[in-house]
>>> print(open('entry_29.tsv').read())   # TSV, C-alpha atoms
chain	number	residue	atom	x	y	z
A	1	MET	CA	-24.87	132.10	-45.82
A	2	GLN	CA	-27.39	134.93	-45.74
A	3	SER	CA	-27.33	134.91	-41.96
A	4	ILE	CA	-23.51	135.27	-42.05
A	5	SER	CA	-23.85	138.23	-44.38
A	6	ARG	CA	-26.45	139.80	-42.11
A	7	SER	CA	-24.15	139.27	-39.10
A	8	LEU	CA	-21.23	140.93	-40.86
A	9	VAL	CA	-23.44	143.82	-41.95
A	10	THR	CA	-24.08	144.42	-38.25
A	11	ILE	CA	-20.54	143.69	-37.03
A	12	LEU	CA	-18.48	145.65	-39.54
A	13	PRO	CA	-20.01	149.07	-38.74
A	14	LEU	CA	-19.55	148.31	-35.04
A	15	ALA	CA	-15.90	147.38	-35.62
A	16	ALA	CA	-15.37	150.54	-37.65
A	17	LEU	CA	-16.95	152.59	-34.89
A	18	LEU	CA	-14.68	151.05	-32.26
A	19	PHE	CA	-11.62	151.58	-34.48
A	20	GLY	CA	-12.54	155.18	-35.11
A	21	ALA	CA	-13.25	155.89	-31.47
A	22	ALA	CA	-9.93	154.48	-30.33
A	23	HIS	CA	-8.03	156.31	-33.06
A	24	ALA	CA	-9.81	159.59	-32.36
A	25	GLN	CA	-9.13	159.30	-28.66
A	26	ASP	CA	-5.40	159.01	-29.27
A	27	GLU	CA	-5.24	161.79	-31.83
A	28	THR	CA	-7.61	164.39	-30.41
A	29	GLN	CA	-7.35	163.76	-26.67
A	30	PRO	CA	-3.63	163.35	-26.01
A	31	THR	CA	-2.38	162.46	-22.58
A	32	THR	CA	-0.87	165.52	-21.00
A	33	THR	CA	1.34	165.33	-17.95
A	34	SER	CA	1.95	168.41	-15.86
A	35	SER	CA	5.32	167.17	-14.59
A	36	LEU	CA	6.84	167.08	-18.08
A	37	ALA	CA	8.68	170.37	-17.76
A	38	PRO	CA	11.41	171.67	-20.07
A	39	SER	CA	14.91	170.56	-19.12
A	40	PRO	CA	16.62	172.94	-16.69
A	41	THR	CA	19.91	172.31	-18.53
A	42	PRO	CA	20.18	174.49	-21.67
A	43	PHE	CA	21.87	172.85	-24.64
A	44	ASP	CA	22.33	174.78	-27.85
A	45	GLY	CA	23.57	171.86	-29.94
A	46	THR	CA	25.14	173.97	-32.68
A	47	SER	CA	28.60	172.66	-31.76
A	48	PRO	CA	29.87	169.59	-29.89
A	49	PHE	CA	29.69	169.76	-26.12
A	50	ILE	CA	33.12	171.10	-25.17
A	51	SER	CA	34.06	169.04	-22.09
A	52	LEU	CA	33.09	165.80	-20.42
A	53	ASN	CA	32.94	165.58	-16.65
A	54	THR	CA	34.37	162.11	-16.01
A	55	GLY	CA	33.41	162.21	-12.36
A	56	GLY	CA	36.82	160.79	-11.48
A	57	LEU	CA	35.94	157.54	-13.25
A	58	ASN	CA	38.15	155.83	-15.78
A	59	THR	CA	37.01	155.00	-19.30
A	60	CYS	CA	36.12	151.41	-18.46
A	61	GLN	CA	34.11	152.37	-15.37
A	62	ARG	CA	32.13	154.83	-17.46
A	63	SER	CA	31.66	152.18	-20.11
A	64	LEU	CA	30.24	149.75	-17.55
A	65	ILE	CA	27.86	152.37	-16.17
A	66	LEU	CA	26.56	153.06	-19.67
A	67	GLN	CA	26.24	149.35	-20.41
A	68	GLN	CA	24.21	148.83	-17.26
A	69	THR	CA	21.78	151.58	-18.26
A	70	ASN	CA	21.68	150.18	-21.81
A	71	GLN	CA	20.63	146.86	-20.32
A	72	PHE	CA	17.81	148.63	-18.47
A	73	GLU	CA	16.73	150.62	-21.51
A	74	ASN	CA	17.11	148.11	-24.35
A	75	SER	CA	18.45	144.82	-22.92
A	76	ARG	CA	21.77	145.17	-24.71
A	77	ASN	CA	25.31	146.38	-24.00
A	78	TYR	CA	25.84	148.79	-26.88
A	79	PHE	CA	23.81	151.94	-27.49
A	80	ALA	CA	20.51	151.51	-29.35
A	81	PHE	CA	20.94	154.53	-31.61
A	82	ASP	CA	18.05	153.51	-33.88
A	83	TYR	CA	15.55	152.47	-31.20
A	84	CYS	CA	12.13	154.15	-31.25
A	85	GLU	CA	8.88	153.06	-29.61
A	86	ASN	CA	5.81	154.30	-27.80
A	87	ILE	CA	6.06	152.51	-24.45
A	88	SER	CA	2.82	154.12	-23.20
A	89	ASP	CA	4.42	155.98	-20.31
A	90	GLY	CA	2.76	159.30	-21.10
A	91	ARG	CA	5.88	160.69	-22.77
A	92	GLY	CA	5.21	160.05	-26.44
A	93	TYR	CA	7.85	158.21	-28.45
A	94	THR	CA	10.91	156.97	-26.58
A	95	CYS	CA	13.95	156.84	-28.82
A	96	GLY	CA	17.70	156.65	-29.11
A	97	ILE	CA	20.51	155.78	-26.75
A	98	VAL	CA	19.04	157.02	-23.47
A	99	GLY	CA	15.35	157.03	-24.28
A	100	PHE	CA	14.96	160.60	-25.49
A	101	THR	CA	11.23	161.34	-25.60
A	102	THR	CA	9.05	163.44	-27.86
A	103	GLY	CA	6.76	164.24	-24.94
A	104	THR	CA	9.39	166.00	-22.85
A	105	THR	CA	12.15	168.07	-24.43
A	106	ASP	CA	15.20	165.99	-25.15
A	107	ALA	CA	14.15	164.32	-28.43
A	108	PHE	CA	13.59	167.77	-29.91
A	109	LEU	CA	17.00	168.93	-28.67
A	110	VAL	CA	18.66	166.03	-30.49
A	111	ILE	CA	16.78	166.75	-33.71
A	112	ASP	CA	17.27	170.51	-33.42
A	113	ALA	CA	21.03	170.08	-33.00
A	114	TYR	CA	21.18	167.63	-35.90
A	115	THR	CA	19.18	169.94	-38.16
A	116	LYS	CA	21.38	172.95	-37.36
A	117	ARG	CA	24.61	171.03	-37.93
A	118	ASN	CA	23.22	169.41	-41.07
A	119	GLY	CA	22.90	172.71	-42.90
A	120	GLY	CA	19.52	173.77	-41.51
A	121	SER	CA	17.51	170.91	-42.98
A	122	SER	CA	17.17	167.20	-42.19
A	123	GLU	CA	15.08	164.08	-42.55
A	124	PHE	CA	13.04	165.34	-39.61
A	125	ASP	CA	11.74	168.47	-41.35
A	126	PRO	CA	8.16	167.06	-41.59
A	127	TYR	CA	8.10	166.70	-37.80
A	128	TYR	CA	10.16	169.69	-36.74
A	129	ASN	CA	7.35	172.15	-36.04
A	130	ARG	CA	5.26	169.56	-34.20
A	131	LEU	CA	8.24	168.57	-32.06
A	132	ARG	CA	8.91	172.21	-31.26
A	133	GLU	CA	5.29	172.53	-30.13
A	134	LEU	CA	5.79	169.57	-27.80
A	135	TYR	CA	9.03	171.12	-26.55
A	136	ASN	CA	7.20	174.28	-25.57
A	137	ASN	CA	4.11	172.45	-24.28
A	138	PRO	CA	5.17	168.97	-23.10
A	139	SER	CA	2.61	166.25	-23.78
A	140	GLY	CA	2.47	162.51	-24.35
A	141	SER	CA	0.55	162.94	-27.61
A	142	THR	CA	1.97	161.34	-30.77
A	143	SER	CA	-0.48	163.18	-33.02
A	144	GLY	CA	1.27	164.53	-36.10
A	145	LEU	CA	4.19	162.14	-35.71
A	146	ASN	CA	3.13	159.19	-37.86
A	147	GLY	CA	6.25	157.64	-39.39
A	148	PHE	CA	8.55	159.40	-36.91
A	149	CYS	CA	10.07	156.19	-35.54
A	150	ARG	CA	10.99	154.92	-38.98
A	151	THR	CA	12.66	158.25	-39.78
A	152	TRP	CA	14.57	158.15	-36.50
A	153	GLY	CA	15.75	154.59	-37.12
A	154	ASP	CA	16.76	155.16	-40.73
A	155	THR	CA	18.63	158.35	-39.86
A	156	ALA	CA	20.48	156.66	-37.01
A	157	ALA	CA	21.50	153.84	-39.33
A	158	ASN	CA	22.83	156.15	-42.04
A	159	SER	CA	24.20	159.21	-40.27
A	160	THR	CA	27.34	159.20	-38.12
A	161	LEU	CA	26.56	162.83	-37.23
A	162	PHE	CA	23.13	161.93	-35.87
A	163	ARG	CA	24.63	159.20	-33.70
A	164	GLN	CA	27.36	161.55	-32.48
A	165	ILE	CA	24.78	164.17	-31.53
A	166	GLN	CA	22.85	161.59	-29.52
A	167	VAL	CA	25.98	160.92	-27.47
A	168	GLU	CA	26.78	164.61	-27.03
A	169	THR	CA	23.21	165.44	-26.00
A	170	SER	CA	23.04	162.63	-23.47
A	171	GLU	CA	26.32	163.77	-21.96
A	172	ALA	CA	25.22	167.41	-21.85
A	173	LEU	CA	21.77	166.75	-20.40
A	174	TYR	CA	22.33	163.72	-18.18
A	175	TRP	CA	25.88	162.49	-17.70
A	176	ASN	CA	27.55	165.80	-16.82
A	177	PRO	CA	24.72	167.04	-14.55
A	178	SER	CA	24.63	163.67	-12.75
A	179	MET	CA	28.38	163.90	-12.11
A	180	VAL	CA	28.02	167.46	-10.82
A	181	LYS	CA	25.25	166.28	-8.47
A	182	SER	CA	27.38	163.34	-7.37
A	183	ASP	CA	30.19	165.75	-6.54
A	184	GLU	CA	27.80	167.83	-4.43
A	185	LEU	CA	26.67	164.71	-2.59
A	186	GLY	CA	30.24	163.62	-1.94
A	187	LEU	CA	29.90	160.34	-3.82
A	188	LYS	CA	33.12	158.45	-4.55
A	189	LEU	CA	31.98	154.99	-5.66
A	190	ALA	CA	31.23	154.05	-9.27
A	191	ALA	CA	28.04	152.31	-8.14
A	192	SER	CA	26.76	155.49	-6.47
A	193	ARG	CA	27.59	157.70	-9.44
A	194	GLY	CA	26.19	155.14	-11.87
A	195	PHE	CA	22.91	154.92	-9.99
A	196	VAL	CA	22.56	158.70	-9.88
A	197	TYR	CA	23.22	158.83	-13.63
A	198	ASP	CA	20.65	156.11	-14.33
A	199	SER	CA	18.13	157.99	-12.19
A	200	PHE	CA	18.74	161.14	-14.22
A	201	ILE	CA	18.10	159.11	-17.39
A	202	GLN	CA	14.77	157.64	-16.26
A	203	HIS	CA	13.42	160.36	-13.97
A	204	GLY	CA	15.01	163.49	-15.37
A	205	ASN	CA	16.74	166.23	-13.41
A	206	GLY	CA	13.86	168.65	-13.19
A	207	THR	CA	11.98	169.82	-10.10
A	208	ASP	CA	8.86	167.64	-10.29
A	209	ALA	CA	8.17	165.17	-7.48
A	210	ASP	CA	9.32	162.16	-9.51
A	211	SER	CA	12.64	163.63	-10.62
A	212	ALA	CA	16.03	162.36	-9.53
A	213	ILE	CA	16.64	165.67	-7.74
A	214	SER	CA	13.45	165.29	-5.70
A	215	MET	CA	14.19	161.68	-4.79
A	216	ILE	CA	17.68	162.63	-3.63
A	217	SER	CA	16.19	165.44	-1.55
A	218	ARG	CA	13.77	163.02	0.13
A	219	VAL	CA	16.65	160.66	0.96
A	220	GLY	CA	18.54	163.48	2.63
A	221	SER	CA	15.47	164.60	4.56
A	222	LYS	CA	14.93	161.12	5.96
A	223	PHE	CA	18.42	161.02	7.43
A	224	THR	CA	18.38	164.57	8.79
A	225	ALA	CA	14.99	163.88	10.40
A	226	SER	CA	16.72	161.27	12.55
A	227	SER	CA	19.59	163.66	13.40
A	228	GLN	CA	22.03	162.06	10.97
A	229	PRO	CA	24.09	163.71	8.23
A	230	GLY	CA	21.98	163.99	5.08
A	231	THR	CA	24.65	163.10	2.52
A	232	PRO	CA	28.11	161.49	2.33
A	233	ALA	CA	29.52	165.00	1.84
A	234	GLN	CA	28.17	165.79	5.32
A	235	GLY	CA	29.62	162.64	6.88
A	236	LEU	CA	27.03	159.94	6.15
A	237	ASP	CA	28.33	156.51	5.12
A	238	GLU	CA	28.09	156.30	1.32
A	239	ILE	CA	26.70	152.75	1.16
A	240	THR	CA	24.08	153.64	3.78
A	241	TRP	CA	23.01	156.60	1.65
A	242	LEU	CA	22.97	154.52	-1.53
A	243	VAL	CA	20.84	151.74	-0.04
A	244	GLU	CA	18.25	154.29	1.05
A	245	PHE	CA	18.33	155.82	-2.44
A	246	PHE	CA	17.55	152.34	-3.83
A	247	ALA	CA	14.49	152.19	-1.57
A	248	GLU	CA	13.33	155.72	-2.36
A	249	ARG	CA	13.60	155.13	-6.08
A	250	ASN	CA	11.57	151.94	-5.79
A	251	ARG	CA	8.88	153.80	-3.88
A	252	THR	CA	8.75	156.41	-6.63
A	253	LEU	CA	8.63	153.83	-9.41
A	254	LEU	CA	5.74	151.99	-7.78
A	255	ASN	CA	3.76	155.10	-6.88
A	256	PRO	CA	4.88	158.13	-8.91
A	257	ALA	CA	3.21	161.50	-8.52
A	258	ASN	CA	2.64	161.47	-12.28
A	259	GLN	CA	0.21	158.57	-12.58
A	260	ALA	CA	0.61	158.49	-16.38
A	261	THR	CA	4.00	156.86	-15.85
A	262	ARG	CA	2.88	154.38	-13.20
A	263	LYS	CA	2.06	151.44	-15.47
A	264	ALA	CA	5.38	151.61	-17.30
A	265	TRP	CA	7.51	152.49	-14.30
A	266	SER	CA	6.12	149.97	-11.83
A	267	SER	CA	7.74	147.12	-13.76
A	268	THR	CA	11.23	148.69	-13.75
A	269	THR	CA	12.33	148.16	-10.15
A	270	TYR	CA	14.92	145.83	-11.66
A	271	ARG	CA	17.08	148.93	-12.02
A	272	SER	CA	17.49	149.20	-8.25
A	273	ARG	CA	17.70	145.42	-7.92
A	274	ALA	CA	20.68	145.21	-10.29
A	275	TYR	CA	22.62	147.94	-8.48
A	276	SER	CA	21.77	146.38	-5.13
A	277	TYR	CA	23.21	143.10	-6.42
A	278	ILE	CA	26.39	144.90	-7.49
A	279	VAL	CA	26.85	146.46	-4.04
A	280	ASN	CA	25.98	143.30	-2.12
A	281	ASN	CA	28.60	141.40	-4.12
A	282	GLY	CA	31.42	143.75	-3.25
A	283	GLN	CA	31.62	145.57	-6.58
A	284	SER	CA	30.77	149.08	-5.44
A	285	ASP	CA	33.70	150.51	-7.38
A	286	PHE	CA	32.88	148.42	-10.48
A	287	ASN	CA	36.16	146.51	-10.06
A	288	GLN	CA	37.97	149.57	-11.43
A	289	GLY	CA	36.24	148.91	-14.74
A	290	VAL	CA	37.81	145.54	-15.49
A	291	SER	CA	34.47	143.69	-15.48
A	292	LEU	CA	31.12	143.69	-13.72
A	293	ARG	CA	28.89	140.85	-12.57
A	294	THR	CA	25.33	142.15	-12.49
A	295	LEU	CA	21.69	141.33	-13.28
A	296	ASN	CA	19.70	141.80	-16.45
A	297	ASN	CA	16.07	142.91	-16.43
A	298	ASP	CA	14.87	139.34	-15.90
A	299	GLY	CA	17.03	138.92	-12.82
A	300	SER	CA	19.56	136.61	-14.48
A	301	VAL	CA	23.26	137.08	-13.72
A	302	ILE	CA	25.27	138.54	-16.61
A	303	ASN	CA	28.87	139.65	-16.99
A	304	LEU	CA	29.83	143.01	-18.49
A	305	SER	CA	33.33	143.88	-19.65
A	306	CYS	CA	34.98	147.14	-20.71
A	307	LEU	CA	33.83	148.41	-24.11
A	308	PRO	CA	36.02	151.42	-24.96
A	309	ASP	CA	34.26	151.68	-28.34
A	310	ILE	CA	30.76	151.91	-26.86
A	311	TRP	CA	30.42	155.59	-27.82
A	312	THR	CA	30.92	154.98	-31.56
A	313	THR	CA	29.82	151.41	-32.34
A	314	PHE	CA	26.51	151.05	-34.16
A	315	ILE	CA	24.65	147.73	-34.07
A	316	PRO	CA	21.09	147.97	-35.50
A	317	VAL	CA	18.17	147.23	-33.21
A	318	GLY	CA	15.88	146.20	-36.08
A	319	ALA	CA	14.76	147.01	-39.61
A	320	GLY	CA	14.05	150.73	-39.83
A	321	GLY	CA	14.70	151.06	-36.10
A	322	ASP	CA	11.00	150.74	-35.28
A	323	SER	CA	11.40	147.87	-32.82
A	324	GLY	CA	7.72	147.26	-33.26
A	325	GLY	CA	6.93	150.70	-31.98
A	326	ASP	CA	5.64	152.85	-34.80
A	327	SER	CA	4.58	151.30	-38.14
A	328	GLY	CA	2.99	154.67	-38.99
A	329	LEU	CA	0.01	154.13	-36.67
A	330	SER	CA	-0.85	155.69	-33.36
A	331	THR	CA	-1.33	153.55	-30.28
A	332	GLY	CA	-5.08	154.19	-30.35
A	333	ALA	CA	-5.25	153.12	-33.98
A	334	LYS	CA	-3.50	149.85	-33.17
A	335	VAL	CA	-5.91	149.22	-30.31
A	336	GLY	CA	-8.82	149.97	-32.62
A	337	ILE	CA	-7.53	147.51	-35.22
A	338	ALA	CA	-7.13	144.83	-32.57
A	339	ILE	CA	-10.68	145.39	-31.31
A	340	ALA	CA	-12.05	145.35	-34.86
A	341	VAL	CA	-10.32	142.06	-35.66
A	342	ILE	CA	-11.60	140.44	-32.48
A	343	VAL	CA	-15.17	141.61	-33.13
A	344	ILE	CA	-15.08	140.35	-36.73
A	345	VAL	CA	-13.63	136.96	-35.81
A	346	VAL	CA	-15.99	136.39	-32.89
A	347	GLY	CA	-19.00	137.74	-34.78
A	348	GLY	CA	-18.19	135.65	-37.84
A	349	GLY	CA	-17.90	132.56	-35.68
A	350	ILE	CA	-21.28	133.22	-34.07
A	351	GLY	CA	-22.87	133.78	-37.49
A	352	ALA	CA	-21.42	130.53	-38.81
A	353	TRP	CA	-22.67	128.65	-35.76
A	354	ILE	CA	-26.22	130.05	-36.18
A	355	TRP	CA	-26.21	129.12	-39.88
A	356	TYR	CA	-25.02	125.60	-39.06
A	357	ARG	CA	-27.67	125.11	-36.33
A	358	ARG	CA	-30.46	126.28	-38.63
A	359	ARG	CA	-29.32	123.90	-41.36
A	360	GLN	CA	-29.51	121.03	-38.90
A	361	SER	CA	-33.05	121.84	-37.72
A	362	PRO	CA	-35.94	119.64	-39.05
A	363	VAL	CA	-37.56	122.47	-40.97
A	364	LYS	CA	-34.33	123.48	-42.68
A	365	ALA	CA	-33.35	119.86	-43.36
A	366	ALA	CA	-36.69	119.11	-44.96
A	367	SER	CA	-36.20	121.88	-47.48
A	368	TYR	CA	-33.18	120.03	-48.80
A	369	ARG	CA	-35.02	116.74	-49.44
A	370	PRO	CA	-35.70	116.18	-53.11
A	371	TYR	CA	-38.83	114.08	-52.48
A	372	SER	CA	-41.58	114.01	-49.87
A	373	VAL	CA	-42.23	110.70	-48.14
>>> encode(input="entry_29.tsv", output="structure tokens")
Amino acid sequence: MQSISRSLVTILPLAALLFGAAHAQDETQPTTTSSLAPSPTPFDGTSPFISLNTGGLNTCQRSLILQQTNQFENSRNYFAFDYCENISDGRGYTCGIVGFTTGTTDAFLVIDAYTKRNGGSSEFDPYYNRLRELYNNPSGSTSGLNGFCRTWGDTAANSTLFRQIQVETSEALYWNPSMVKSDELGLKLAASRGFVYDSFIQHGNGTDADSAISMISRVGSKFTASSQPGTPAQGLDEITWLVEFFAERNRTLLNPANQATRKAWSSTTYRSRAYSYIVNNGQSDFNQGVSLRTLNNDGSVINLSCLPDIWTTFIPVGAGGDSGGDSGLSTGAKVGIAIAVIVIVVGGGIGAWIWYRRRQSPVKAASYRPYSV
């Protein structure tokens, strides 16, 4: 057993070193992404957003659009108010009903609005200053946010106001601007408007090369380059425009300008695939909201129906809302722990094997004989 002890004496410091290095890398060298710019849509949050732009869609059509995006975001129909996880896309923690992120600006806007309307103080007070720093200087770092996901999940589970503010913020930052853009483009179909909205959710509506606005611009440029109208508002067939938008979005997901998002985004082309399935099966107007036959993220056919209570119904994602994403440790710390465990297990196994082999050797075996022959 001495050889095992000697092996562990060597292995444990190495494991600790690896753990520390991984943890330090995550905490002191955060991933920064230049395209994470503040939202161009100001939202004060001190009072409910005053009007919703329906985009000419009925309640059930809007419900189906939201359900489709919920499927993409969390593989469920209802909003995941308490969801929070670091999905390693260079945007910090992703949380709430539309994937608000700590690394851009929208998670802070939710928490800022909640704090103001909660009397100037909230469960997020320990993180408020750090989140404001990230709002002013966008970064994928989660340093200083240990325990954030559990706080988000618990608050979502217990506060109707916090859930309401998530809905209002998503409408102010993403739904309304996507409907305004759809109006500019001359889009009439629910599928077109839904896909623009979903693009605003995943890509944002900023000016960086990966944004929904930039993708839409590239689609228009492709058509005008071949002497065609650039948008349906200019006379282009709407389905023709939408199909090209599917293709452009896939190109962006597979090879984004911001390489920090590439690993996470490259596996999400199912978003375009689902909408393509909807269009190819004659449901471009979402059947006026009665129901929708579509695809989930695995490519299986699913049926969605109108959920007029989608904006207010809360169904927990998981205990504390962590969804396996926080547990109070940074991503680097978790990697370090995993490496340490592997090193200890493998090293211990090697030490045991060496001890066993030595015990079976003639010299070692002889030392265990009580008598000489």
>>> closest_residue(input="entry_29.tsv", among="A:Ser159, A:Thr312, A:Thr105, A:Ser75", to="A:Asn137", atoms="only C-alpha atoms")
A:Thr105
>>> residues_near_point(input="entry_29.tsv", point="(34.3, 163.4, -14.6)", cutoff="12 Å", atoms="all atoms listed in the file", output="CSV table (one decimal) with C-alpha atoms, keeping the file's coordinate frame")
chain,number,residue,atom,x,y,z
A,51,SER,CA,34.1,169.0,-22.1
A,52,LEU,CA,33.1,165.8,-20.4
A,53,ASN,CA,32.9,165.6,-16.6
A,54,THR,CA,34.4,162.1,-16.0
A,55,GLY,CA,33.4,162.2,-12.4
A,56,GLY,CA,36.8,160.8,-11.5
A,57,LEU,CA,35.9,157.5,-13.2
A,58,ASN,CA,38.2,155.8,-15.8
A,59,THR,CA,37.0,155.0,-19.3
A,61,GLN,CA,34.1,152.4,-15.4
A,62,ARG,CA,32.1,154.8,-17.5
A,171,GLU,CA,26.3,163.8,-22.0
A,175,TRP,CA,25.9,162.5,-17.7
A,176,ASN,CA,27.6,165.8,-16.8
A,177,PRO,CA,24.7,167.0,-14.6
A,178,SER,CA,24.6,163.7,-12.8
A,179,MET,CA,28.4,163.9,-12.1
A,180,VAL,CA,28.0,167.5,-10.8
A,181,LYS,CA,25.2,166.3,-8.5
A,182,SER,CA,27.4,163.3,-7.4
A,183,ASP,CA,30.2,165.8,-6.5
A,188,LYS,CA,33.1,158.4,-4.6
A,190,ALA,CA,31.2,154.0,-9.3
A,193,ARG,CA,27.6,157.7,-9.4
A,194,GLY,CA,26.2,155.1,-11.9
>>> closest_residue(input="entry_29.tsv", among="A:Gln288, A:Thr69, A:Thr313, A:Thr101", to="A:Ser139", atoms="only C-alpha atoms")
A:Thr101
>>> closest_residue(input="entry_29.tsv", among="A:Ala209, A:Leu307, A:Ile111, A:Leu236", to="A:Ser63", atoms="only C-alpha atoms")
A:Leu307
>>> atom_distance(input="entry_29.tsv", atom1="atom CA of A:Ser272", atom2="atom CA of A:Gln234")
23.9 Å
>>> residues_around(input="entry_29.tsv", residues="A:Asp82", least_positions_apart="4", cutoff="7 Å", atoms="all atoms listed in the file", output="PyMOL selection string")
chain A and resi 96+152-153+156-157+316-317+321
>>> closest_residue(input="entry_29.tsv", among="A:Val167, A:Ile97, A:Ala212, A:Cys60", to="A:Pro256", atoms="only C-alpha atoms")
A:Ala212
>>> atom_distance(input="entry_29.tsv", atom1="atom CA of A:Gly144", atom2="atom CA of A:Leu131")
9.0 Å
>>> closest_residue(input="entry_29.tsv", among="A:Arg251, A:Lys263, A:Arg293, A:Arg132", to="A:Ile278", atoms="all atoms listed in the file")
A:Arg293
>>> atom_distance(input="entry_29.tsv", atom1="atom CA of A:Asn255", atom2="atom CA of A:Gly90")
14.9 Å
>>> closest_residue(input="entry_29.tsv", among="A:Tyr275, A:Phe81, A:Tyr197, A:Tyr93", to="A:Asn158", atoms="all atoms listed in the file")
A:Phe81
>>> residues_around(input="entry_29.tsv", residues="A:Asn281", least_positions_apart="4", cutoff="12 Å", atoms="all atoms listed in the file", output="list in words")
Ala191, Ala274, Tyr275, Ser276, Tyr277, Asp285, Phe286, Asn287, Leu292, Arg293, Thr294, Leu295 and Val301 of chain A
>>> axis_aligned_box(input="entry_29.tsv", around="stretch 312-318 of chain A", padding_each_side="4 Å", output="lines of an AutoDock Vina configuration file")
center_x = 23.4
center_y = 150.6
center_z = -33.8
size_x = 23.0
size_y = 16.8
size_z = 12.5
>>> residues_near_point(input="entry_29.tsv", point="(28.2, 168.7, -36.7)", cutoff="12 Å", atoms="only C-alpha atoms", output="list in words")
Gly45, Thr46, Ser47, Pro48, Phe49, Val110, Ile111, Asp112, Ala113, Tyr114, Thr115, Lys116, Arg117, Asn118, Gly119, Gly120, Ser159, Thr160, Leu161, Phe162, Arg163, Gln164, Ile165, Gln166 and Glu168 of chain A
>>> residues_around(input="entry_29.tsv", residues="A:Ser266", least_positions_apart="4", cutoff="6 Å", atoms="only C-alpha atoms", output="CSV table (one decimal) with C-alpha atoms, in the coordinates of the input")
chain,number,residue,atom,x,y,z
A,253,LEU,CA,8.6,153.8,-9.4
A,254,LEU,CA,5.7,152.0,-7.8
A,262,ARG,CA,2.9,154.4,-13.2
